[in-house]
>>> print(open('run25.txt').read())   # compact mmCIF, C-alpha atoms and all ligand atoms
# COMPACT_ATOMS: atom_id res chain seq x y z
CA MET A 7 32.76 56.25 -126.26
CA ALA A 8 29.54 54.38 -125.76
CA LYS A 9 29.16 52.78 -122.32
CA ILE A 10 27.14 49.71 -123.24
CA GLY A 11 28.23 47.73 -120.21
CA ILE A 12 26.20 49.75 -117.68
CA CYS A 13 22.88 48.64 -119.35
CA TYR A 14 23.29 45.09 -118.02
CA PRO A 15 23.00 45.77 -114.30
CA LYS A 16 19.98 48.04 -114.89
CA PHE A 17 18.39 45.36 -117.01
CA SER A 18 18.96 42.58 -114.45
CA LEU A 19 17.68 44.82 -111.64
CA ARG A 20 14.50 45.36 -113.63
CA CYS A 21 14.26 41.59 -114.20
CA LEU A 22 14.63 40.95 -110.46
CA GLU A 23 11.94 43.53 -109.66
CA VAL A 24 9.55 41.87 -112.15
CA LEU A 25 10.38 38.40 -110.84
CA PHE A 26 9.88 39.56 -107.29
CA PHE A 27 6.57 41.18 -108.22
CA LEU A 28 5.44 37.98 -110.00
CA PHE A 29 6.51 35.90 -107.01
CA ILE A 30 4.52 38.13 -104.62
CA GLN A 31 1.50 37.90 -106.93
CA TYR A 32 1.83 34.13 -107.09
CA PHE A 33 2.41 33.87 -103.35
CA LEU A 34 -0.67 36.00 -102.58
CA GLN A 35 -2.78 33.94 -104.95
CA TRP A 36 -1.49 30.76 -103.37
CA ILE A 37 -2.23 32.10 -99.89
CA LYS A 38 -5.71 33.01 -101.11
CA LEU A 39 -6.16 29.44 -102.27
CA ILE A 40 -5.11 27.91 -98.96
CA GLU A 41 -6.67 30.69 -96.89
CA PRO A 42 -9.75 28.58 -96.09
CA LEU A 43 -7.45 25.71 -95.13
CA ILE A 44 -5.46 27.89 -92.72
CA PHE A 45 -8.68 29.24 -91.30
CA ILE A 46 -10.14 25.75 -90.83
CA SER A 47 -6.93 24.48 -89.16
CA ILE A 48 -6.90 27.42 -86.72
CA LEU A 49 -10.56 26.79 -85.94
CA THR A 50 -10.03 23.03 -85.44
CA CYS A 51 -7.02 23.57 -83.16
CA SER A 52 -8.89 26.10 -81.02
CA TYR A 53 -11.91 23.78 -80.88
CA LEU A 54 -9.81 20.79 -79.79
CA HIS A 55 -7.98 22.94 -77.24
CA LEU A 56 -11.30 24.19 -75.84
CA GLN A 57 -12.71 20.65 -75.80
CA ALA A 58 -9.72 19.36 -73.82
CA LYS A 59 -10.00 22.31 -71.42
CA GLU A 60 -13.74 21.75 -71.04
CA TYR A 61 -13.25 18.00 -70.48
CA ARG A 62 -10.70 18.73 -67.77
CA SER A 63 -12.76 21.32 -65.97
CA LYS A 64 -15.92 19.19 -66.36
CA MET A 65 -14.17 16.28 -64.61
CA ILE A 66 -13.15 18.53 -61.69
CA GLU A 67 -16.65 20.03 -61.67
CA LYS A 68 -18.22 16.55 -61.42
CA ILE A 69 -15.81 15.53 -58.64
CA ASN A 70 -16.62 18.75 -56.75
CA GLU A 71 -20.37 18.20 -57.08
CA ALA A 72 -20.03 14.66 -55.68
CA VAL A 73 -17.79 15.95 -52.87
CA ILE A 74 -20.19 18.78 -51.95
CA TYR A 75 -23.06 16.28 -51.72
CA LEU A 76 -21.03 13.83 -49.63
CA ARG A 77 -19.83 16.59 -47.27
CA SER A 78 -23.45 17.57 -46.76
CA GLN A 79 -24.10 13.98 -45.67
CA TYR A 80 -20.93 13.45 -43.65
CA PRO A 81 -18.79 16.50 -42.81
CA GLU A 82 -15.76 14.64 -41.36
CA LYS A 83 -12.58 14.23 -43.42
CA PRO A 84 -11.55 10.58 -43.99
CA VAL A 85 -7.81 9.83 -43.98
CA ALA A 86 -8.07 6.46 -45.73
CA GLY A 87 -10.20 4.95 -48.46
CA ILE A 88 -10.99 1.25 -48.74
CA VAL A 89 -12.22 -0.59 -51.84
CA LEU A 90 -13.95 -3.87 -51.12
CA GLY A 91 -13.82 -6.51 -53.83
CA SER A 92 -16.27 -9.27 -54.80
CA GLY A 93 -17.55 -11.09 -51.71
CA LEU A 94 -15.47 -8.87 -49.40
CA GLY A 95 -18.16 -6.30 -48.53
CA SER A 96 -18.59 -7.29 -44.88
CA PHE A 97 -15.22 -5.72 -43.98
CA THR A 98 -17.38 -2.78 -42.89
CA SER A 99 -18.38 -4.76 -39.77
CA ALA A 100 -14.87 -3.92 -38.48
CA MET A 101 -15.72 -0.21 -38.72
CA THR A 102 -17.69 2.01 -36.39
CA ILE A 103 -20.18 3.02 -39.06
CA GLU A 104 -21.29 6.65 -38.92
CA LYS A 105 -22.99 7.16 -42.28
CA GLU A 106 -23.89 5.18 -45.40
CA VAL A 107 -24.59 6.81 -48.75
CA LEU A 108 -25.96 4.86 -51.71
CA TYR A 109 -24.04 5.29 -54.96
CA SER A 110 -27.33 6.02 -56.69
CA ASP A 111 -27.71 9.18 -54.51
CA ILE A 112 -24.26 10.61 -55.26
CA PRO A 113 -24.05 13.01 -58.23
CA HIS A 114 -22.19 11.48 -61.22
CA PHE A 115 -21.45 8.20 -59.40
CA PRO A 116 -21.80 5.06 -61.53
CA VAL A 117 -23.97 2.29 -60.05
CA SER A 118 -22.49 -1.19 -59.49
CA THR A 119 -24.26 -3.95 -61.42
CA VAL A 120 -22.47 -7.05 -60.09
CA GLU A 121 -23.85 -9.57 -57.61
CA GLY A 122 -21.78 -9.41 -54.39
CA HIS A 123 -21.26 -5.62 -54.72
CA VAL A 124 -23.65 -3.65 -52.53
CA GLY A 125 -23.13 -0.20 -54.02
CA LYS A 126 -22.68 2.31 -51.21
CA LEU A 127 -20.06 4.49 -49.56
CA VAL A 128 -19.66 3.68 -45.89
CA PHE A 129 -18.20 6.41 -43.64
CA GLY A 130 -16.93 5.71 -40.16
CA SER A 131 -13.81 5.06 -38.14
CA ILE A 132 -11.31 2.33 -37.37
CA ALA A 133 -9.30 2.76 -34.14
CA GLY A 134 -10.22 6.44 -34.14
CA ASN A 135 -9.11 7.07 -37.75
CA LYS A 136 -11.84 8.33 -40.09
CA VAL A 137 -12.26 6.15 -43.17
CA VAL A 138 -14.52 5.80 -46.18
CA ALA A 139 -15.15 2.37 -47.67
CA MET A 140 -16.52 1.56 -51.10
CA SER A 141 -18.83 -1.38 -50.66
CA GLY A 142 -18.95 -2.39 -54.30
CA ARG A 143 -16.74 -1.14 -57.09
CA PHE A 144 -16.98 -0.57 -60.84
CA HIS A 145 -15.44 -2.74 -63.55
CA GLY A 146 -14.75 -2.14 -67.22
CA TYR A 147 -16.70 -5.31 -68.12
CA GLU A 148 -19.89 -3.67 -66.80
CA GLY A 149 -19.54 -1.22 -69.65
CA TYR A 150 -17.96 1.64 -67.72
CA ALA A 151 -15.21 3.75 -69.25
CA ALA A 152 -11.91 3.74 -67.35
CA SER A 153 -12.62 7.32 -66.19
CA GLU A 154 -15.90 6.12 -64.63
CA VAL A 155 -14.20 3.16 -62.94
CA VAL A 156 -11.78 5.54 -61.18
CA PHE A 157 -14.25 8.36 -60.51
CA PRO A 158 -14.91 7.26 -56.89
CA ILE A 159 -11.16 7.14 -56.20
CA ARG A 160 -10.87 10.75 -57.37
CA VAL A 161 -13.83 11.74 -55.22
CA MET A 162 -12.27 10.05 -52.17
CA LYS A 163 -9.04 11.97 -52.80
CA PHE A 164 -10.95 15.26 -52.89
CA LEU A 165 -12.71 14.18 -49.65
CA GLY A 166 -9.26 14.07 -48.08
CA ILE A 167 -7.89 10.50 -48.16
CA ARG A 168 -4.12 10.04 -48.24
CA SER A 169 -4.01 6.21 -48.29
CA LEU A 170 -5.99 3.66 -50.25
CA PHE A 171 -6.56 0.02 -49.27
CA ILE A 172 -7.82 -2.23 -52.05
CA SER A 173 -9.00 -5.81 -51.99
CA ASN A 174 -9.96 -8.08 -54.86
CA ALA A 175 -10.79 -11.63 -55.80
CA ALA A 176 -8.25 -13.18 -58.17
CA GLY A 177 -7.34 -16.41 -59.91
CA ALA A 178 -3.90 -17.83 -59.10
CA VAL A 179 -1.48 -18.73 -61.87
CA ASN A 180 1.32 -19.37 -59.38
CA PRO A 181 1.14 -23.15 -58.86
CA THR A 182 2.15 -22.88 -55.18
CA TYR A 183 -0.99 -20.87 -54.29
CA LYS A 184 -4.17 -22.40 -52.85
CA VAL A 185 -7.79 -21.24 -52.84
CA GLY A 186 -8.32 -18.89 -49.88
CA ASP A 187 -4.70 -17.66 -49.78
CA LEU A 188 -3.99 -13.95 -49.46
CA MET A 189 -1.43 -12.24 -51.68
CA VAL A 190 -0.09 -8.75 -51.00
CA ILE A 191 0.31 -7.07 -54.37
CA THR A 192 3.85 -5.78 -54.83
CA ASP A 193 3.47 -4.83 -58.50
CA HIS A 194 1.06 -5.09 -61.39
CA ILE A 195 0.78 -5.48 -65.17
CA SER A 196 -1.78 -3.06 -66.59
CA GLN A 197 -1.30 -3.50 -70.32
CA PHE A 198 -4.49 -5.50 -71.03
CA VAL A 199 -6.87 -2.83 -69.74
CA PRO A 200 -7.35 0.80 -70.85
CA ASN A 201 -5.26 3.25 -68.86
CA PRO A 202 -7.59 5.65 -66.97
CA LEU A 203 -5.22 8.56 -67.62
CA ILE A 204 -5.63 8.42 -71.41
CA GLY A 205 -7.03 11.75 -72.62
CA ALA A 206 -6.50 15.34 -71.59
CA ASN A 207 -4.57 15.54 -68.32
CA ASP A 208 -5.75 17.86 -65.59
CA PRO A 209 -2.77 19.05 -63.56
CA GLN A 210 -5.16 19.52 -60.62
CA LEU A 211 -5.26 15.70 -60.48
CA GLY A 212 -1.62 14.92 -61.17
CA PRO A 213 1.21 14.99 -63.72
CA ARG A 214 0.87 14.03 -67.41
CA PHE A 215 3.41 11.21 -67.11
CA PRO A 216 3.22 9.82 -63.57
CA ASP A 217 5.94 7.56 -62.24
CA MET A 218 4.76 3.94 -61.69
CA SER A 219 7.99 2.39 -60.42
CA GLU A 220 6.49 1.68 -56.99
CA PRO A 221 2.68 1.82 -57.09
CA TYR A 222 2.31 -0.21 -53.87
CA ASN A 223 3.85 1.32 -50.78
CA ARG A 224 6.90 -0.60 -49.55
CA ASN A 225 6.52 0.42 -45.89
CA MET A 226 2.89 -0.68 -45.77
CA ILE A 227 3.83 -4.03 -47.34
CA ARG A 228 6.51 -4.54 -44.67
CA GLU A 229 4.07 -3.57 -41.91
CA ALA A 230 1.43 -5.96 -43.32
CA PHE A 231 3.88 -8.85 -43.02
CA ASN A 232 4.60 -7.86 -39.38
CA ILE A 233 0.88 -7.77 -38.60
CA ALA A 234 0.26 -11.09 -40.38
CA GLY A 235 3.20 -12.75 -38.62
CA LYS A 236 1.87 -11.78 -35.16
CA ALA A 237 -1.59 -13.15 -36.04
CA SER A 238 -0.25 -16.34 -37.72
CA ILE A 239 -1.79 -15.33 -41.04
CA TYR A 240 0.06 -16.63 -44.06
CA LEU A 241 0.68 -14.06 -46.79
CA HIS A 242 2.15 -14.35 -50.28
CA GLU A 243 3.56 -11.37 -52.09
CA GLY A 244 3.37 -11.17 -55.86
CA VAL A 245 2.33 -9.59 -59.12
CA TYR A 246 -1.28 -8.97 -60.21
CA VAL A 247 -2.24 -8.79 -63.86
CA ALA A 248 -5.46 -7.02 -64.81
CA VAL A 249 -7.66 -8.33 -67.62
CA THR A 250 -10.93 -6.93 -68.90
CA GLY A 251 -13.14 -9.98 -68.20
CA PRO A 252 -15.97 -10.83 -67.94
CA THR A 253 -14.86 -14.25 -69.23
CA PHE A 254 -12.49 -16.21 -67.04
CA GLU A 255 -9.30 -17.12 -68.88
CA THR A 256 -8.69 -20.02 -71.23
CA LYS A 257 -5.88 -22.46 -70.36
CA ALA A 258 -3.66 -20.82 -72.97
CA GLU A 259 -4.34 -17.38 -71.46
CA TYR A 260 -3.54 -18.60 -67.93
CA ASN A 261 -0.24 -20.01 -69.29
CA MET A 262 0.53 -16.73 -71.03
CA ILE A 263 -0.16 -14.77 -67.84
CA ARG A 264 2.21 -16.99 -65.87
CA VAL A 265 4.89 -16.61 -68.53
CA LEU A 266 4.47 -12.82 -68.32
CA GLY A 267 5.58 -12.95 -64.70
CA ALA A 268 2.28 -12.64 -62.81
CA ASP A 269 1.10 -14.66 -59.81
CA VAL A 270 -2.61 -13.83 -59.94
CA VAL A 271 -5.09 -12.47 -62.47
CA GLY A 272 -8.19 -10.37 -61.89
CA MET A 273 -10.62 -7.91 -63.43
CA SER A 274 -10.13 -4.87 -61.19
CA THR A 275 -7.73 -2.85 -59.02
CA VAL A 276 -5.10 -1.72 -61.51
CA GLN A 277 -7.03 1.22 -62.99
CA GLU A 278 -7.94 2.39 -59.47
CA VAL A 279 -4.30 2.18 -58.36
CA ILE A 280 -3.10 4.10 -61.43
CA ALA A 281 -5.59 6.92 -60.73
CA ALA A 282 -4.63 6.93 -57.04
CA VAL A 283 -0.87 7.04 -57.69
CA HIS A 284 -1.48 9.82 -60.25
CA MET A 285 -2.98 11.89 -57.40
CA GLY A 286 -0.20 11.02 -54.94
CA ILE A 287 -2.21 8.54 -52.82
CA THR A 288 -0.31 5.78 -50.99
CA CYS A 289 -1.66 2.37 -52.08
CA PHE A 290 -1.82 -1.03 -50.43
CA ALA A 291 -3.66 -3.95 -52.09
CA VAL A 292 -4.39 -7.59 -51.33
CA SER A 293 -5.75 -10.32 -53.61
CA VAL A 294 -7.81 -13.16 -52.22
CA VAL A 295 -7.14 -16.30 -54.28
CA THR A 296 -10.62 -17.51 -55.19
CA ASP A 297 -9.70 -20.06 -57.88
CA LEU A 298 -6.71 -21.77 -59.40
CA ALA A 299 -5.74 -21.49 -63.02
CA ILE A 300 -4.27 -24.97 -63.02
CA ILE A 301 -7.58 -26.77 -62.80
CA GLU A 302 -8.52 -30.41 -63.23
CA PRO A 303 -10.47 -31.25 -66.40
CA GLY A 304 -14.20 -30.87 -65.86
CA HIS A 305 -13.86 -28.24 -63.09
CA ASN A 306 -15.29 -24.91 -64.14
CA ILE A 307 -14.87 -21.63 -62.31
CA THR A 308 -18.12 -19.92 -61.29
CA HIS A 309 -18.81 -16.51 -59.79
CA GLU A 310 -20.41 -18.31 -56.80
CA ASP A 311 -17.11 -20.16 -56.09
CA VAL A 312 -15.34 -16.82 -56.20
CA LEU A 313 -17.79 -15.22 -53.71
CA LYS A 314 -17.57 -18.19 -51.33
CA ALA A 315 -13.75 -18.30 -51.30
CA ALA A 316 -13.61 -14.52 -50.82
CA SER A 317 -15.95 -14.52 -47.83
CA ASP A 318 -13.97 -17.38 -46.19
CA ALA A 319 -10.80 -15.30 -46.46
CA GLU A 320 -12.44 -12.08 -45.31
CA PRO A 321 -11.64 -12.22 -41.54
CA ARG A 322 -7.89 -12.45 -42.28
CA LEU A 323 -8.04 -9.62 -44.78
CA THR A 324 -10.07 -7.51 -42.36
CA HIS A 325 -7.48 -8.03 -39.63
CA ILE A 326 -4.62 -6.84 -41.84
CA PHE A 327 -6.47 -3.83 -43.23
CA SER A 328 -7.78 -2.68 -39.85
CA GLU A 329 -4.40 -3.03 -38.12
CA LEU A 330 -2.71 -1.08 -40.91
CA ILE A 331 -5.35 1.64 -40.71
CA ALA A 332 -5.06 1.76 -36.92
CA GLY A 333 -1.36 2.50 -37.36
CA LEU A 334 -1.85 5.43 -39.78
N1 LIG B 1 -9.53 -14.60 -63.68
C1 LIG B 1 -9.89 -13.32 -63.73
N2 LIG B 1 -10.51 -12.71 -62.75
C2 LIG B 1 -10.80 -13.39 -61.66
C3 LIG B 1 -10.47 -14.74 -61.54
C4 LIG B 1 -9.81 -15.38 -62.61
O1 LIG B 1 -9.47 -16.57 -62.58
N3 LIG B 1 -10.90 -15.14 -60.32
C5 LIG B 1 -11.47 -14.07 -59.74
N4 LIG B 1 -11.42 -13.02 -60.54
>>> encode(input="run25.txt", output="structure tokens")
Amino acid sequence: MAKIGICYPKFSLRCLEVLFFLFIQYFLQWIKLIEPLIFISILTCSYLHLQAKEYRSKMIEKINEAVIYLRSQYPEKPVAGIVLGSGLGSFTSAMTIEKEVLYSDIPHFPVSTVEGHVGKLVFGSIAGNKVVAMSGRFHGYEGYAASEVVFPIRVMKFLGIRSLFISNAAGAVNPTYKVGDLMVITDHISQFVPNPLIGANDPQLGPRFPDMSEPYNRNMIREAFNIAGKASIYLHEGVYVAVTGPTFETKAEYNMIRVLGADVVGMSTVQEVIAAVHMGITCFAVSVVTDLAIIEPGHNITHEDVLKAASDAEPRLTHIFSELIAGL
């Protein structure tokens, strides 16, 4: 008896083999077609990876070069850094000055272009504690990238600072504030300026996603109020919002800033604080109210008004900063 049935499995096995062979052929051809694409993607990924790595190591390299130069000029290790805002540069008279280095002499340092900013690092001591003060700082509105604005903060960290004291001139949107008042910054709003940590993160500086729940040190704020109380200095505490400038705000913008929950507005500080907190530095910052957002018609804010109000407030600010530093 003929066994026809057994032909079927053989036939389908053959079919499967052919199909499989055709599929492999097709697959290989397809791979051949996209081979250049795969190759290009691998190349692009490696290039981007190398770029990010190079950017990171270049940043550390630049910081190290600046640090090596500064150590050759002043070998002591500062424990605190101070950033002096517009019109607040004469804080350095409270220091025993040991060395001054012009920004223009420091490798990779930007150079300040604003009137009222001297542009030098001042090394010395306050009550025996070694400090380094930035007389003049960098702003985004001068055309600097956020990474350039915070470069000196990174250099100061690599020089050894553990605490950072920042001052700035700011416009008040809190209607209870007056020109010349001091406000201890308890928090900030950074969303109008570029974050200095955007881009490849170097773990040698800090974590990819740093915590920002308490950028300004609570203990230092409490101590500042104690110091101010003993010296009969009136202090506000409040929220600082950073804007790019260089224009002062329109009335509608001042209103918006108040609605957002801020007390003062300024063109600095926040990027520096973000970079400092990223590196684990303890921050303390004070705004000097140099103008009021709620202005009478016909009164315009000028940079000269800002400088004048800042220098009037300077002795009070100097007292608080130097007492805090003395207690470090
Ligand atoms: N707005 C922004 N920045 C400022 C101001 C202001 O009113 N005053 C001083 N810096």
>>> residues_near_ligand(input="run25.txt", ligand="ligand LIG 1 (chain B)", cutoff="10 Å", atoms="only C-alpha atoms and all ligand atoms", output="MDAnalysis selection string")
chainID A and resid 91:92 174:179 247:256 259:260 270:274 293:300 307:309 311:313 315:316
>>> residues_around(input="run25.txt", residues="stretch 137-144 of chain A", least_positions_apart="4", cutoff="9 Å", atoms="only C-alpha atoms", output="PyMOL selection string")
chain A and resi 83-92+94-98+101+116-120+122-132+148+150+154-156+158+162+167+274+331
>>> residues_around(input="run25.txt", residues="stretch 198-214 of chain A", least_positions_apart="2", cutoff="10 Å", atoms="only C-alpha atoms", output="PyMOL selection string")
chain A and resi 55+57-63+65-66+146+151-157+160+163-164+195-196+216-217+247-251+273-274+276-286
>>> atom_distance(input="run25.txt", atom1="atom CA of A:Ile263", atom2="atom CA of A:Leu241")
21.1 Å
>>> residues_around(input="run25.txt", residues="A:Val190", least_positions_apart="5", cutoff="8 Å", atoms="all atoms listed in the file", output="list in words")
Ile227, Leu241, His242, Glu243, Gly244, Phe290, Ala291, Val292 and Ser293 of chain A
>>> atom_distance(input="run25.txt", atom1="atom CA of A:His325", atom2="atom CA of A:His194")
23.6 Å
>>> atom_distance(input="run25.txt", atom1="atom CA of A:Val24", atom2="atom CA of A:Trp36")
18.0 Å
>>> closest_residue(input="run25.txt", among="A:Ser328, A:Arg264, A:Phe27, A:Pro113", to="A:Ile74", atoms="only C-alpha atoms")
A:Pro113
>>> residues_around(input="run25.txt", residues="A:Ser238", least_positions_apart="6", cutoff="12 Å", atoms="all atoms listed in the file", output="list in words")
Ala230, Phe231, Asn232, Arg322, His325 and Ile326 of chain A
>>> closest_residue(input="run25.txt", among="A:Pro81, A:Pro181, A:Pro42, A:Pro221", to="A:Thr288", atoms="all atoms listed in the file")
A:Pro221
>>> build_atoms(input="run25.txt", residues="stretch 260-292 of chain A", atoms="N, CA and C atoms", output="short mmCIF file (atom, residue, chain, number, x, y, z; two decimals), keeping the file's coordinate frame")
data_model
loop_
_atom_site.label_atom_id
_atom_site.label_comp_id
_atom_site.auth_asym_id
_atom_site.auth_seq_id
_atom_site.Cartn_x
_atom_site.Cartn_y
_atom_site.Cartn_z
N TYR A 260 -4.15 -18.44 -69.25
CA TYR A 260 -3.54 -18.60 -67.93
C TYR A 260 -2.04 -18.87 -68.09
N ASN A 261 -1.67 -19.72 -69.06
CA ASN A 261 -0.24 -20.01 -69.29
C ASN A 261 0.50 -18.75 -69.69
N MET A 262 -0.11 -17.97 -70.58
CA MET A 262 0.53 -16.73 -71.03
C MET A 262 0.77 -15.79 -69.85
N ILE A 263 -0.26 -15.69 -68.99
CA ILE A 263 -0.16 -14.77 -67.84
C ILE A 263 0.97 -15.19 -66.90
N ARG A 264 1.12 -16.49 -66.71
CA ARG A 264 2.21 -16.99 -65.87
C ARG A 264 3.56 -16.65 -66.50
N VAL A 265 3.63 -16.88 -67.82
CA VAL A 265 4.89 -16.61 -68.53
C VAL A 265 5.25 -15.12 -68.44
N LEU A 266 4.22 -14.27 -68.40
CA LEU A 266 4.47 -12.82 -68.32
C LEU A 266 5.08 -12.40 -66.98
N GLY A 267 4.96 -13.27 -65.99
CA GLY A 267 5.58 -12.95 -64.70
C GLY A 267 4.57 -12.61 -63.61
N ALA A 268 3.29 -12.95 -63.84
CA ALA A 268 2.28 -12.64 -62.81
C ALA A 268 2.04 -13.85 -61.92
N ASP A 269 1.48 -13.59 -60.74
CA ASP A 269 1.10 -14.66 -59.81
C ASP A 269 -0.40 -14.84 -59.76
N VAL A 270 -1.14 -13.73 -59.94
CA VAL A 270 -2.61 -13.83 -59.94
C VAL A 270 -3.17 -12.95 -61.05
N VAL A 271 -4.43 -13.24 -61.42
CA VAL A 271 -5.09 -12.47 -62.47
C VAL A 271 -6.48 -12.08 -61.98
N GLY A 272 -6.87 -10.85 -62.31
CA GLY A 272 -8.19 -10.37 -61.89
C GLY A 272 -8.70 -9.28 -62.81
N MET A 273 -9.94 -8.84 -62.52
CA MET A 273 -10.62 -7.91 -63.43
C MET A 273 -10.78 -6.51 -62.83
N SER A 274 -9.93 -6.18 -61.85
CA SER A 274 -10.13 -4.87 -61.19
C SER A 274 -8.80 -4.28 -60.77
N THR A 275 -8.85 -3.37 -59.82
CA THR A 275 -7.73 -2.85 -59.02
C THR A 275 -6.73 -1.94 -59.74
N VAL A 276 -6.23 -2.42 -60.91
CA VAL A 276 -5.10 -1.72 -61.51
C VAL A 276 -5.46 -0.29 -61.95
N GLN A 277 -6.64 -0.13 -62.55
CA GLN A 277 -7.03 1.22 -62.99
C GLN A 277 -7.19 2.14 -61.77
N GLU A 278 -7.75 1.59 -60.69
CA GLU A 278 -7.94 2.39 -59.47
C GLU A 278 -6.58 2.81 -58.90
N VAL A 279 -5.63 1.87 -58.91
CA VAL A 279 -4.30 2.18 -58.36
C VAL A 279 -3.61 3.23 -59.22
N ILE A 280 -3.74 3.11 -60.55
CA ILE A 280 -3.10 4.10 -61.43
C ILE A 280 -3.65 5.50 -61.13
N ALA A 281 -4.98 5.61 -61.01
CA ALA A 281 -5.59 6.92 -60.73
C ALA A 281 -5.15 7.43 -59.36
N ALA A 282 -5.03 6.53 -58.40
CA ALA A 282 -4.63 6.93 -57.04
C ALA A 282 -3.18 7.42 -57.03
N VAL A 283 -2.29 6.65 -57.67
CA VAL A 283 -0.87 7.04 -57.69
C VAL A 283 -0.71 8.37 -58.44
N HIS A 284 -1.48 8.56 -59.49
CA HIS A 284 -1.48 9.82 -60.25
C HIS A 284 -1.73 11.01 -59.32
N MET A 285 -2.62 10.79 -58.31
CA MET A 285 -2.98 11.89 -57.40
C MET A 285 -2.13 11.90 -56.13
N GLY A 286 -1.12 11.03 -56.09
CA GLY A 286 -0.20 11.02 -54.94
C GLY A 286 -0.73 10.26 -53.73
N ILE A 287 -1.68 9.34 -53.93
CA ILE A 287 -2.21 8.54 -52.82
C ILE A 287 -1.31 7.32 -52.60
N THR A 288 -1.08 6.98 -51.34
CA THR A 288 -0.31 5.78 -50.99
C THR A 288 -1.23 4.55 -51.10
N CYS A 289 -0.78 3.53 -51.84
CA CYS A 289 -1.66 2.37 -52.08
C CYS A 289 -1.14 1.09 -51.43
N PHE A 290 -2.11 0.31 -50.95
CA PHE A 290 -1.82 -1.03 -50.43
C PHE A 290 -2.94 -1.93 -50.94
N ALA A 291 -2.60 -3.10 -51.51
CA ALA A 291 -3.66 -3.95 -52.09
C ALA A 291 -3.39 -5.43 -51.80
N VAL A 292 -4.48 -6.14 -51.60
CA VAL A 292 -4.39 -7.59 -51.33
C VAL A 292 -5.36 -8.33 -52.25
#
